[in-house]
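Chemist: Got a structure for you, written out below as structure tokens; questions coming shortly.
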Amino acid sequence: MKLINNKLKILFLINTPTSYQDDFFSELKKYVSVSVIFYSSNYKNYNFKIKNNKNYHFLDKSKKSLKFIINITKKINPDFTIIGGYRLPYISKLQTFLNLNEKKYFFWLERLKKKKKIKNTIISFLMKYRIKKSNGVLAVGIEAKNFYKKFHSNVVNLPYSISVPNKTRKNYF
């Protein structure tokens, strides 16, 4: 792997910026080089304020989105690409590009809602083929990890938060 400044390069493709993701990326930048492509700059009913960051890229309606994503991917030349979600546009074409160029990529996925059985069946069918071609899944929580293990052998639990030991919690609060 080629490292610049001894740091791995990771490219994230996710829906919209949120304040907690901004904090996550800021902390992660201490250890790796992070770039993020957001599909949109805002989300309905959310009003997050994100700091300006030269490593944040936003799609807008005037850009040819797939071409924009591929150009940024070529420019950054990441060691890993992390795709945050199964419903993001252009995933199939992006996967084809990444596979042809022998680039490693992972999905970063939450668990599916249990109540929506028909929808989950359709999503499971779709995900089986998408996930199989990836290098693995970063699952948000144990339930998600157990679910996605059906589709790929390389599934890691990467929760949004961690448990704080009681002793630390008492001292802090």
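Order determines the names: the first chain of the structure tokens is A, the second B, and so forth; residues in each chain are numbered 1 upward, and ligands are numbered 1 upward as they are shown.
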What are the closest atom pairs, with distances in Å to one decimal, for each residue of stretch 93-122 of chain A lying within 12 Å of stretch 152-158 of chain A, using only C-alpha atoms, rows by chain and rising residue number, as a tab-separated table?

Modeler:
```
residue	atom	partner	partner_atom	distance
A:Tyr105	CA	A:Asn154	CA	11.8
A:Phe106	CA	A:Val155	CA	9.4
A:Phe107	CA	A:Val155	CA	9.5
A:Trp108	CA	A:Leu158	CA	8.4
A:Leu109	CA	A:Leu158	CA	9.3
A:Glu110	CA	A:Leu158	CA	9.7
A:Arg111	CA	A:Asn157	CA	11.1
```

Chemist: Selection from above, N, CA and C atoms, as a CSV table (one decimal), in the first residue's frame, can you write it?

Modeler:
```csv
chain,number,residue,atom,x,y,z
A,105,TYR,N,-12.7,-2.0,-1.1
A,105,TYR,CA,-13.8,-1.2,-0.6
A,105,TYR,C,-14.7,-2.0,0.3
A,106,PHE,N,-15.3,-1.3,1.2
A,106,PHE,CA,-16.2,-1.9,2.2
A,106,PHE,C,-17.5,-1.2,2.3
A,107,PHE,N,-18.5,-1.9,2.7
A,107,PHE,CA,-19.8,-1.2,3.0
A,107,PHE,C,-19.9,-0.9,4.5
A,108,TRP,N,-20.5,0.2,4.9
A,108,TRP,CA,-20.7,0.6,6.2
A,108,TRP,C,-22.2,0.6,6.4
A,109,LEU,N,-22.7,-0.4,7.1
A,109,LEU,CA,-24.2,-0.6,7.1
A,109,LEU,C,-24.8,-0.8,8.5
A,110,GLU,N,-26.0,-0.2,8.7
A,110,GLU,CA,-26.8,-0.5,9.9
A,110,GLU,C,-27.6,-1.7,9.7
A,111,ARG,N,-28.3,-2.1,10.7
A,111,ARG,CA,-29.2,-3.2,10.7
A,111,ARG,C,-30.4,-2.8,9.9
```

Chemist: Do a neighbour search on A:Tyr160 at 10 Å with only C-alpha atoms, toss out local chain neighbours closer than 5 positions, and write the hits as a ChimeraX atom specification.

Modeler: /A:20-21,24,110,139-141

Chemist: The selected residues should be written to file as a short mmCIF file (atom, residue, chain, number, x, y, z; two decimals), in the first residue's frame (atoms: N, CA and C atoms).

Modeler:
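selection_7.cif written:
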```cif
data_model
loop_
_atom_site.label_atom_id
_atom_site.label_comp_id
_atom_site.auth_asym_id
_atom_site.auth_seq_id
_atom_site.Cartn_x
_atom_site.Cartn_y
_atom_site.Cartn_z
N TYR A 20 -22.08 14.57 14.29
CA TYR A 20 -21.35 13.47 14.90
C TYR A 20 -20.38 12.83 13.91
N GLN A 21 -20.72 12.82 12.61
CA GLN A 21 -19.78 12.30 11.62
C GLN A 21 -18.59 13.24 11.48
N PHE A 24 -16.34 12.41 14.19
CA PHE A 24 -15.71 11.12 13.91
C PHE A 24 -14.58 11.29 12.89
N GLU A 110 -25.96 -0.24 8.65
CA GLU A 110 -26.75 -0.45 9.86
C GLU A 110 -27.61 -1.70 9.68
N ALA A 139 -20.19 -3.25 10.13
CA ALA A 139 -21.58 -3.31 10.58
C ALA A 139 -21.75 -2.46 11.83
N VAL A 140 -22.84 -1.70 11.87
CA VAL A 140 -23.13 -0.85 13.02
C VAL A 140 -23.94 -1.68 14.02
N GLY A 141 -23.26 -2.28 14.97
CA GLY A 141 -23.91 -3.06 16.01
C GLY A 141 -23.87 -4.57 15.77
#
```

Chemist: So that I can see what lies close to A:Asn55, please list as a list in words the residues with an atom at most 10 Å from it, counting only C-alpha atoms and leaving out residues fewer than 4 positions away in the same chain.

Modeler: Leu11, Ser33, Val34, Ser35, Val36, Ile37 and Ile76 of chain A

Chemist: Do a neighbour search on A:Phe97 at 12 Å with only C-alpha atoms, toss out local chain neighbours closer than 5 positions, and write the hits as a PDB file with C-alpha atoms, in the first residue's frame.

Modeler:
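What follows is the written file out-v5.pdb:
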```pdb
ATOM      1  CA  LEU A  66     -20.754   9.313 -11.242  1.00  0.00           C
ATOM      2  CA  LYS A  67     -18.016  11.049 -13.201  1.00  0.00           C
ATOM      3  CA  ILE A  69     -17.125  10.454  -7.832  1.00  0.00           C
ATOM      4  CA  ILE A  70     -14.747   8.542 -10.095  1.00  0.00           C
ATOM      5  CA  ASN A  71     -12.578  11.624 -10.711  1.00  0.00           C
ATOM      6  CA  THR A  73     -11.494   8.571  -6.411  1.00  0.00           C
ATOM      7  CA  LYS A  74      -8.755   8.683  -9.056  1.00  0.00           C
ATOM      8  CA  THR A  81     -13.196   3.210   0.007  1.00  0.00           C
ATOM      9  CA  TYR A  90     -24.214   4.826  -8.539  1.00  0.00           C
ATOM     10  CA  ILE A  91     -23.098   2.008  -6.242  1.00  0.00           C
ATOM     11  CA  SER A  92     -23.178  -0.690  -8.932  1.00  0.00           C
ATOM     12  CA  GLU A 102      -8.411  -3.590  -7.974  1.00  0.00           C
ATOM     13  CA  LYS A 103      -9.333  -1.112  -5.232  1.00  0.00           C
ATOM     14  CA  LYS A 104     -10.434  -2.313  -1.817  1.00  0.00           C
ATOM     15  CA  TYR A 105     -13.844  -1.197  -0.630  1.00  0.00           C
ATOM     16  CA  LYS A 133     -18.089  -8.331  -4.441  1.00  0.00           C
TER      17      LYS A 133
END
```

Chemist: Hey, which of A:His57, A:Lys150, A:Lys9, A:Arg130 ends up closest to A:Asn99? Count only C-alpha atoms.

Modeler: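 Under the stated criterion, the closest residue is A:Arg130.
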
Chemist: Rounded to one decimal, what separation in Å do you get between atom CA of A:Leu100 and atom CA of A:Phe25?

Modeler: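 Between atom CA of A:Leu100 and atom CA of A:Phe25 the gap works out to 27.9 Å.
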
Chemist: Would you kindly return, as a PyMOL selection string, each protein, DNA or RNA residue with an atom no farther than 10 Å from any atom of A:Ser124, considering only C-alpha atoms and excluding same-chain residues fewer than 4 positions away?

Modeler: chain A and resi 112+118-120+128-131+147-148+150-151

Chemist: Atoms to include: C-alpha atoms. Write the selected residues as an mmCIF file, in the first residue's frame.

Modeler:
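Full text of part_37.cif as output:
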```cif
data_model
loop_
_atom_site.group_PDB
_atom_site.id
_atom_site.type_symbol
_atom_site.label_atom_id
_atom_site.label_comp_id
_atom_site.auth_asym_id
_atom_site.auth_seq_id
_atom_site.Cartn_x
_atom_site.Cartn_y
_atom_site.Cartn_z
ATOM 1 C CA LEU A 112 -32.405 -3.467 8.739
ATOM 2 C CA ILE A 118 -41.032 -7.666 2.406
ATOM 3 C CA LYS A 119 -38.673 -4.725 2.045
ATOM 4 C CA ASN A 120 -35.950 -6.658 3.914
ATOM 5 C CA LYS A 128 -26.227 -10.422 -1.406
ATOM 6 C CA TYR A 129 -24.703 -9.507 -4.765
ATOM 7 C CA ARG A 130 -23.345 -6.104 -3.793
ATOM 8 C CA ILE A 131 -21.712 -7.252 -0.574
ATOM 9 C CA PHE A 147 -27.272 -10.164 9.615
ATOM 10 C CA TYR A 148 -24.490 -9.314 7.145
ATOM 11 C CA LYS A 150 -24.928 -14.284 5.870
ATOM 12 C CA PHE A 151 -23.524 -12.423 2.851
#
```

Chemist: With only C-alpha atoms as the basis for distance, which of A:Ser19, A:Ile83, A:Lys113, A:Ile123 is at the shortest distance from A:Leu138?

Modeler: A:Ile83

Chemist: Quick check, in Å to one decimal: how far apart do atom CA of A:Leu94 and atom CA of A:Leu13 lie?

Modeler: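 Distance reported for this atom pair: 10.5 Å.
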
Chemist: DSSP on the backbone, strand (DSSP E) only: what residues of stretch 14-169 of chain A does that give? Format it as a PDB file with C-alpha atoms, in the first residue's frame.

Modeler:
```
ATOM      1  CA  ILE A  14     -22.072   8.821   2.498  1.00  0.00           C
ATOM      2  CA  SER A  33      -5.897  10.531   5.670  1.00  0.00           C
ATOM      3  CA  VAL A  34      -9.671  11.012   5.339  1.00  0.00           C
ATOM      4  CA  SER A  35     -11.667  12.310   2.383  1.00  0.00           C
ATOM      5  CA  VAL A  36     -15.449  12.282   2.193  1.00  0.00           C
ATOM      6  CA  ILE A  37     -17.891  12.565  -0.680  1.00  0.00           C
ATOM      7  CA  PHE A  38     -21.361  13.567   0.480  1.00  0.00           C
ATOM      8  CA  TYR A  56     -15.124  17.189   2.034  1.00  0.00           C
ATOM      9  CA  HIS A  57     -16.669  17.002  -1.440  1.00  0.00           C
ATOM     10  CA  PHE A  58     -20.351  17.575  -2.190  1.00  0.00           C
ATOM     11  CA  PHE A  80      -9.818   1.867   1.056  1.00  0.00           C
ATOM     12  CA  THR A  81     -13.196   3.210   0.007  1.00  0.00           C
ATOM     13  CA  ILE A  82     -16.058   2.930   2.463  1.00  0.00           C
ATOM     14  CA  ILE A  83     -19.575   3.071   1.040  1.00  0.00           C
ATOM     15  CA  LYS A 104     -10.434  -2.313  -1.817  1.00  0.00           C
ATOM     16  CA  TYR A 105     -13.844  -1.197  -0.630  1.00  0.00           C
ATOM     17  CA  PHE A 106     -16.185  -1.941   2.219  1.00  0.00           C
ATOM     18  CA  PHE A 107     -19.814  -1.244   3.005  1.00  0.00           C
ATOM     19  CA  TRP A 108     -20.662   0.588   6.249  1.00  0.00           C
ATOM     20  CA  LEU A 109     -24.182  -0.587   7.100  1.00  0.00           C
ATOM     21  CA  VAL A 137     -18.760  -4.949   5.826  1.00  0.00           C
ATOM     22  CA  LEU A 138     -18.369  -2.539   8.715  1.00  0.00           C
ATOM     23  CA  ALA A 139     -21.577  -3.308  10.583  1.00  0.00           C
ATOM     24  CA  VAL A 155     -17.864  -8.491   8.798  1.00  0.00           C
ATOM     25  CA  VAL A 156     -16.668  -6.289  11.656  1.00  0.00           C
ATOM     26  CA  ASN A 157     -18.789  -4.563  14.297  1.00  0.00           C
TER      27      ASN A 157
END
```

Chemist: Rank nothing, just name the residue among A:Leu28, A:Tyr39, A:Lys149, A:Lys114 nearest to A:Gly84, using only C-alpha atoms.

Modeler: A:Tyr39

Chemist: Could you please determine the separation between atom CA of A:Phe125 and atom CA of A:Tyr86 in Å, to one decimal place?

Modeler: 11.7 Å

Chemist: Which one of A:Pro17, A:Leu88, A:Pro159, A:Ser26 sits closest to A:Lys145 if you count only C-alpha atoms?

Modeler: A:Pro159
